[in-house]
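Enquirer: Below you'll find the structure I mean.
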Amino acid sequence: MKYRSLGRTPWKVSEISFGAWAIGSAWGPVDDSESLAALHKAIDGGVNFIDTADVYGMGHSERLIAQLKRERKDEIVVATKAGRRLSPHTAAGYNQQNLTGFVEDSLKNLATDSLDLVQLHCPPTDVYYQPEVFGALDRLVEAGKIRYYGVSVERVEEALKAIEFPGVQTVQIVFNCFRLRPAALFFEQALKKHVGILARVPLASGMLTGKMTHHSQFAADDHRNFNRHGESFDVGETFSGVDYETALRAVEEIRRQVPAGVTMAQFALRWILMFDAVTCAIPGAKRPSQAADNCAASDLPPLSAAAMAAIETLYNVKIRPLVHQRW
């Protein structure tokens, strides 16, 4: 496992980290013992950064991570998120009182006195134009409730606006073979400001594992079933906003670029790591075998220039018209 600096924080984090959405909710059936086994396998593989949120199983994911930390002596940096528990989810809800309440709940769930990193959880765009929201986060830092803060965004424009605030240490954004737009202006600006980038949905909701088919079925409580058209949250979080049939065809083209002895998931993760601006990719894992497969991507050699060019061409021809200007 290799490590990269997380923005202006003192931490160096594993470039393949662990996304803990799937072990909390919205990804079909999950077994806590297997989830913990996956977490342990990731730590065994060198992972030292876990990304979760208070809304993943309404604290369930956070509590599993607290259990992991009780069982391990390793230094593990935990990032969580706040805001999506608001109902209605409005910009006005991102105020000092609510944010403090969310932080207090996460402190209890994670069984800690101070949260490593708190991210605003894909708030409405208006939030990025309200300095008082970031002032509220500054006060939580001053109070010792959180060490650092960042944002999780849907759109590149939101990311660019967020890093205008000096306290923003990290930006989490969808970035994968189906979502190349962040690699242009945003990556350039983030590098200049030494902002960490967390690449989420790195496998396009599992599509880039190459294991899905026309006949794949998803459980009723799996967002790949109930959010295909953005019924519950931003459609860009499900298969990166690419319709299922188009994505399947694109995967077959990508498969031709995967070297022998490398899984398609590993190839997709290694593609992300070819971008120096990225701090880490945060794939999820519900089983130990998935966690181990993900970790191995860090040790792969760089992808060839031909493979990188092939992905860019595929994106420009087949995917770009569907997603580029939306996010």
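Within each chain, counting starts at residue 1; across the structure tokens, chains are named A, B, ... in the order shown, with ligands numbered 1 upward in that order.
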Can you list every residue in segment 69-245 of chain A that DSSP puts in strand (DSSP E or B), as a PyMOL selection string?
Expert: chain A and resi 77-82+115-121+146-152+168-174+176+179+196-200+222
Enquirer: Let me see the file: selected residues, N, CA and C atoms, as an mmCIF file, in the first residue's frame.
Expert:
data_model
loop_
_atom_site.group_PDB
_atom_site.id
_atom_site.type_symbol
_atom_site.label_atom_id
_atom_site.label_comp_id
_atom_site.auth_asym_id
_atom_site.auth_seq_id
_atom_site.Cartn_x
_atom_site.Cartn_y
_atom_site.Cartn_z
ATOM 1 N N VAL A 77 -7.499 6.975 10.495
ATOM 2 C CA VAL A 77 -8.164 8.268 10.338
ATOM 3 C C VAL A 77 -9.582 8.004 9.839
ATOM 4 N N VAL A 78 -10.563 8.576 10.516
ATOM 5 C CA VAL A 78 -11.961 8.367 10.150
ATOM 6 C C VAL A 78 -12.585 9.696 9.723
ATOM 7 N N ALA A 79 -13.113 9.709 8.528
ATOM 8 C CA ALA A 79 -13.860 10.866 8.025
ATOM 9 C C ALA A 79 -15.341 10.533 8.070
ATOM 10 N N THR A 80 -16.143 11.437 8.585
ATOM 11 C CA THR A 80 -17.578 11.243 8.533
ATOM 12 C C THR A 80 -18.220 12.459 7.864
ATOM 13 N N LYS A 81 -19.528 12.443 7.758
ATOM 14 C CA LYS A 81 -20.230 13.521 7.063
ATOM 15 C C LYS A 81 -21.452 13.931 7.853
ATOM 16 N N ALA A 82 -21.924 15.140 7.586
ATOM 17 C CA ALA A 82 -23.083 15.668 8.306
ATOM 18 C C ALA A 82 -23.948 16.496 7.365
ATOM 19 N N LEU A 115 -13.663 14.429 16.297
ATOM 20 C CA LEU A 115 -13.765 13.797 14.977
ATOM 21 C C LEU A 115 -12.582 14.222 14.117
ATOM 22 N N ASP A 116 -11.975 13.256 13.428
ATOM 23 C CA ASP A 116 -10.802 13.557 12.594
ATOM 24 C C ASP A 116 -11.143 14.527 11.470
ATOM 25 N N LEU A 117 -12.175 14.190 10.719
ATOM 26 C CA LEU A 117 -12.558 14.987 9.549
ATOM 27 C C LEU A 117 -14.062 14.928 9.384
ATOM 28 N N VAL A 118 -14.704 16.079 9.327
ATOM 29 C CA VAL A 118 -16.143 16.163 9.088
ATOM 30 C C VAL A 118 -16.366 16.832 7.742
ATOM 31 N N GLN A 119 -17.222 16.240 6.920
ATOM 32 C CA GLN A 119 -17.513 16.780 5.591
ATOM 33 C C GLN A 119 -18.994 17.149 5.488
ATOM 34 N N LEU A 120 -19.282 18.327 4.977
ATOM 35 C CA LEU A 120 -20.666 18.635 4.652
ATOM 36 C C LEU A 120 -21.108 17.636 3.594
ATOM 37 N N HIS A 121 -22.297 17.043 3.779
ATOM 38 C CA HIS A 121 -22.694 15.888 2.973
ATOM 39 C C HIS A 121 -23.567 16.307 1.790
ATOM 40 N N ILE A 146 -14.033 18.862 16.351
ATOM 41 C CA ILE A 146 -13.530 18.297 15.100
ATOM 42 C C ILE A 146 -12.115 18.816 14.865
ATOM 43 N N ARG A 147 -11.302 18.018 14.209
ATOM 44 C CA ARG A 147 -9.929 18.431 13.921
ATOM 45 C C ARG A 147 -9.851 19.206 12.611
ATOM 46 N N TYR A 148 -10.494 18.673 11.598
ATOM 47 C CA TYR A 148 -10.482 19.314 10.281
ATOM 48 C C TYR A 148 -11.844 19.130 9.627
ATOM 49 N N TYR A 149 -12.098 19.917 8.588
ATOM 50 C CA TYR A 149 -13.354 19.741 7.867
ATOM 51 C C TYR A 149 -13.152 19.892 6.371
ATOM 52 N N GLY A 150 -14.115 19.335 5.643
ATOM 53 C CA GLY A 150 -14.113 19.408 4.196
ATOM 54 C C GLY A 150 -15.539 19.340 3.693
ATOM 55 N N VAL A 151 -15.689 19.018 2.419
ATOM 56 C CA VAL A 151 -17.013 18.945 1.813
ATOM 57 C C VAL A 151 -17.089 17.723 0.912
ATOM 58 N N SER A 152 -18.291 17.233 0.749
ATOM 59 C CA SER A 152 -18.589 16.218 -0.259
ATOM 60 C C SER A 152 -19.554 16.882 -1.230
ATOM 61 N N VAL A 168 -11.403 24.714 4.371
ATOM 62 C CA VAL A 168 -11.744 23.469 3.671
ATOM 63 C C VAL A 168 -10.457 22.707 3.325
ATOM 64 N N GLN A 169 -10.290 21.552 3.946
ATOM 65 C CA GLN A 169 -9.073 20.760 3.765
ATOM 66 C C GLN A 169 -9.217 19.698 2.681
ATOM 67 N N THR A 170 -10.453 19.242 2.468
ATOM 68 C CA THR A 170 -10.673 18.135 1.535
ATOM 69 C C THR A 170 -11.956 18.340 0.752
ATOM 70 N N VAL A 171 -11.975 17.767 -0.439
ATOM 71 C CA VAL A 171 -13.189 17.720 -1.254
ATOM 72 C C VAL A 171 -13.383 16.287 -1.715
ATOM 73 N N GLN A 172 -14.557 15.764 -1.434
ATOM 74 C CA GLN A 172 -14.924 14.437 -1.918
ATOM 75 C C GLN A 172 -15.830 14.614 -3.129
ATOM 76 N N ILE A 173 -15.496 13.924 -4.216
ATOM 77 C CA ILE A 173 -16.223 14.121 -5.469
ATOM 78 C C ILE A 173 -16.232 12.818 -6.254
ATOM 79 N N VAL A 174 -17.283 12.604 -7.032
ATOM 80 C CA VAL A 174 -17.349 11.415 -7.888
ATOM 81 C C VAL A 174 -16.294 11.543 -8.986
ATOM 82 N N ASN A 176 -14.207 8.760 -11.680
ATOM 83 C CA ASN A 176 -13.918 7.408 -12.154
ATOM 84 C C ASN A 176 -13.858 7.428 -13.679
ATOM 85 N N ARG A 179 -16.471 9.500 -15.213
ATOM 86 C CA ARG A 179 -16.665 10.879 -14.742
ATOM 87 C C ARG A 179 -15.316 11.596 -14.728
ATOM 88 N N GLY A 196 -6.960 18.188 -0.286
ATOM 89 C CA GLY A 196 -7.039 16.753 -0.536
ATOM 90 C C GLY A 196 -8.279 16.405 -1.335
ATOM 91 N N ILE A 197 -8.163 15.425 -2.224
ATOM 92 C CA ILE A 197 -9.291 14.985 -3.045
ATOM 93 C C ILE A 197 -9.575 13.517 -2.746
ATOM 94 N N LEU A 198 -10.814 13.245 -2.340
ATOM 95 C CA LEU A 198 -11.268 11.891 -2.085
ATOM 96 C C LEU A 198 -12.171 11.481 -3.242
ATOM 97 N N ALA A 199 -11.742 10.488 -4.000
ATOM 98 C CA ALA A 199 -12.494 10.037 -5.178
ATOM 99 C C ALA A 199 -13.531 9.018 -4.758
ATOM 100 N N ARG A 200 -14.792 9.444 -4.749
ATOM 101 C CA ARG A 200 -15.843 8.514 -4.343
ATOM 102 C C ARG A 200 -16.535 7.922 -5.569
ATOM 103 N N ASP A 222 -31.482 -1.619 -2.147
ATOM 104 C CA ASP A 222 -30.213 -1.280 -2.802
ATOM 105 C C ASP A 222 -30.461 -0.094 -3.728
#
Enquirer: Skipping near chain neighbours, those fewer than 5 positions away, what residues fall within 12 Å of Ser35 of chain A using only C-alpha atoms, listed as a PyMOL selection string?
Expert: chain A and resi 18-25+29-30+40-42+60-61+63-65+67-68+284-291
Enquirer: Could you please determine the separation between atom CA of Ile16 of chain A and atom CA of Ile311 of chain A in Å, to one decimal place?
Expert: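 Rounded to one decimal, the two atoms are 20.5 Å apart.
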Enquirer: Skipping near chain neighbours, those fewer than 5 positions away, what residues fall within 8 Å of Phe175 of chain A using only C-alpha atoms, listed as a list in words?
Expert: Leu180, Pro182, Ala199, Arg200, Val201, Pro202 and Ile272 of chain A
Enquirer: Please produce an output containing C-alpha atoms for each residue in the selection, written as a tab-separated table (two decimals), in the first residue's frame.
Expert:
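Printed below is selection.tsv as written:
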chain	number	residue	atom	x	y	z
A	180	LEU	CA	-13.61	12.75	-16.02
A	182	PRO	CA	-13.07	16.92	-12.20
A	199	ALA	CA	-12.49	10.04	-5.18
A	200	ARG	CA	-15.84	8.51	-4.34
A	201	VAL	CA	-17.99	6.11	-6.38
A	202	PRO	CA	-14.66	4.95	-7.86
A	272	ILE	CA	-7.84	6.96	-10.60
Enquirer: Tell me, as a PyMOL selection string, which residues lie within 10 Å of Phe186 of chain A, counting only C-alpha atoms; anything in the same chain fewer than 6 positions away does not count.
Expert: chain A and resi 156-161+163+192+197+277
Enquirer: Go through A:Ala281, A:Ile50, A:Ala92, A:Leu203 and flag the residue nearest Ser240 of chain A, using only C-alpha atoms for the distances.
Expert: A:Leu203
Enquirer: Out of A:Val258, A:Cys280, A:Ile319, A:Met264, which residue has the shortest atom-to-atom distance to Ala307 of chain A when counting only C-alpha atoms?
Expert: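 That would be A:Val258, the residue with the smallest distance to Ala307 of chain A.
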Enquirer: Hey, which of A:Glu71, A:Glu15, A:Asp54, A:Glu104 ends up closest to Asp276 of chain A? Count only C-alpha atoms.
Expert: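 Ranking A:Glu71, A:Glu15, A:Asp54, A:Glu104 by distance to Asp276 of chain A, first place goes to A:Glu15.
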Enquirer: For a quick check of understanding, using only C-alpha atoms, which of A:Phe49, A:Phe178, A:Tyr94, A:Phe134 has the smallest distance to Pro166 of chain A?
Expert: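 The closest residue to Pro166 of chain A is A:Phe134.
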Enquirer: Can you pull out the residues contacting Arg181 of chain A? Cut-off 9 Å, using only C-alpha atoms, and skip same-chain residues under 6 positions away; I want them as a PDB file with N, CA and C atoms, in the first residue's frame.
Expert:
ATOM      1  N   VAL A 156     -18.745  19.932  -9.981  1.00  0.00           N
ATOM      2  CA  VAL A 156     -17.444  20.578 -10.032  1.00  0.00           C
ATOM      3  C   VAL A 156     -17.550  22.041  -9.595  1.00  0.00           C
ATOM      4  N   PHE A 175     -15.398  10.558  -9.051  1.00  0.00           N
ATOM      5  CA  PHE A 175     -14.353  10.555 -10.073  1.00  0.00           C
ATOM      6  C   PHE A 175     -14.028   9.109 -10.410  1.00  0.00           C
ATOM      7  N   ARG A 320     -19.359  11.184 -22.224  1.00  0.00           N
ATOM      8  CA  ARG A 320     -19.352  12.631 -22.025  1.00  0.00           C
ATOM      9  C   ARG A 320     -20.699  13.306 -22.316  1.00  0.00           C
ATOM     10  N   VAL A 323     -23.042  12.923 -19.165  1.00  0.00           N
ATOM     11  CA  VAL A 323     -22.744  13.348 -17.791  1.00  0.00           C
ATOM     12  C   VAL A 323     -21.940  14.637 -17.654  1.00  0.00           C
ATOM     13  N   HIS A 324     -21.204  15.009 -18.679  1.00  0.00           N
ATOM     14  CA  HIS A 324     -20.167  16.020 -18.477  1.00  0.00           C
ATOM     15  C   HIS A 324     -20.706  17.346 -17.939  1.00  0.00           C
ATOM     16  N   GLN A 325     -21.719  17.873 -18.555  1.00  0.00           N
ATOM     17  CA  GLN A 325     -22.224  19.189 -18.145  1.00  0.00           C
ATOM     18  C   GLN A 325     -23.179  19.111 -16.948  1.00  0.00           C
ATOM     19  N   TRP A 327     -22.595  17.432 -14.044  1.00  0.00           N
ATOM     20  CA  TRP A 327     -21.889  17.444 -12.768  1.00  0.00           C
ATOM     21  C   TRP A 327     -20.524  18.099 -12.868  1.00  0.00           C
TER      22      TRP A 327
END
Enquirer: Quick check for you: according to DSSP on this backbone, which residues of segment 102-157 of chain A are classed as alpha helix (DSSP H)? Reply as number ranges by chain.
Expert: A: 102-109, 131-142, 156-157
Enquirer: Leaving out segment 122-126 of chain A and any residue of its chain fewer than 6 positions from it, which residues lie within 7 Å of it when counting only C-alpha atoms, given as a ChimeraX atom specification?
Expert: /A:83,90-91,152-154,158
Enquirer: Include N, CA and C atoms and write out the residues we just selected as an mmCIF file, in the first residue's frame.
Expert:
data_model
loop_
_atom_site.group_PDB
_atom_site.id
_atom_site.type_symbol
_atom_site.label_atom_id
_atom_site.label_comp_id
_atom_site.auth_asym_id
_atom_site.auth_seq_id
_atom_site.Cartn_x
_atom_site.Cartn_y
_atom_site.Cartn_z
ATOM 1 N N GLY A 83 -25.246 16.407 7.573
ATOM 2 C CA GLY A 83 -26.175 17.251 6.825
ATOM 3 C C GLY A 83 -27.330 16.528 6.183
ATOM 4 N N THR A 90 -32.401 21.370 3.304
ATOM 5 C CA THR A 90 -32.332 22.728 2.754
ATOM 6 C C THR A 90 -31.065 23.423 3.237
ATOM 7 N N ALA A 91 -30.681 24.468 2.511
ATOM 8 C CA ALA A 91 -29.505 25.244 2.890
ATOM 9 C C ALA A 91 -29.667 25.851 4.272
ATOM 10 N N SER A 152 -18.291 17.233 0.749
ATOM 11 C CA SER A 152 -18.589 16.218 -0.259
ATOM 12 C C SER A 152 -19.554 16.882 -1.230
ATOM 13 N N VAL A 153 -19.216 16.894 -2.498
ATOM 14 C CA VAL A 153 -19.978 17.676 -3.473
ATOM 15 C C VAL A 153 -20.535 16.786 -4.581
ATOM 16 N N GLU A 154 -21.550 17.310 -5.249
ATOM 17 C CA GLU A 154 -22.077 16.651 -6.440
ATOM 18 C C GLU A 154 -21.431 17.213 -7.709
ATOM 19 N N GLU A 158 -19.455 23.343 -7.413
ATOM 20 C CA GLU A 158 -19.515 23.388 -5.955
ATOM 21 C C GLU A 158 -18.126 23.185 -5.354
#
Enquirer: Using only C-alpha atoms, find the one residue out of A:Pro283, A:Ser114, A:Ala247, A:Tyr315 that sits nearest to Asp51 of chain A.
Expert: A:Pro283
Enquirer: Distance atom CA of Ala310 of chain A-atom CA of Glu237 of chain A, one decimal place?
Expert: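 A separation of 24.1 Å between them.
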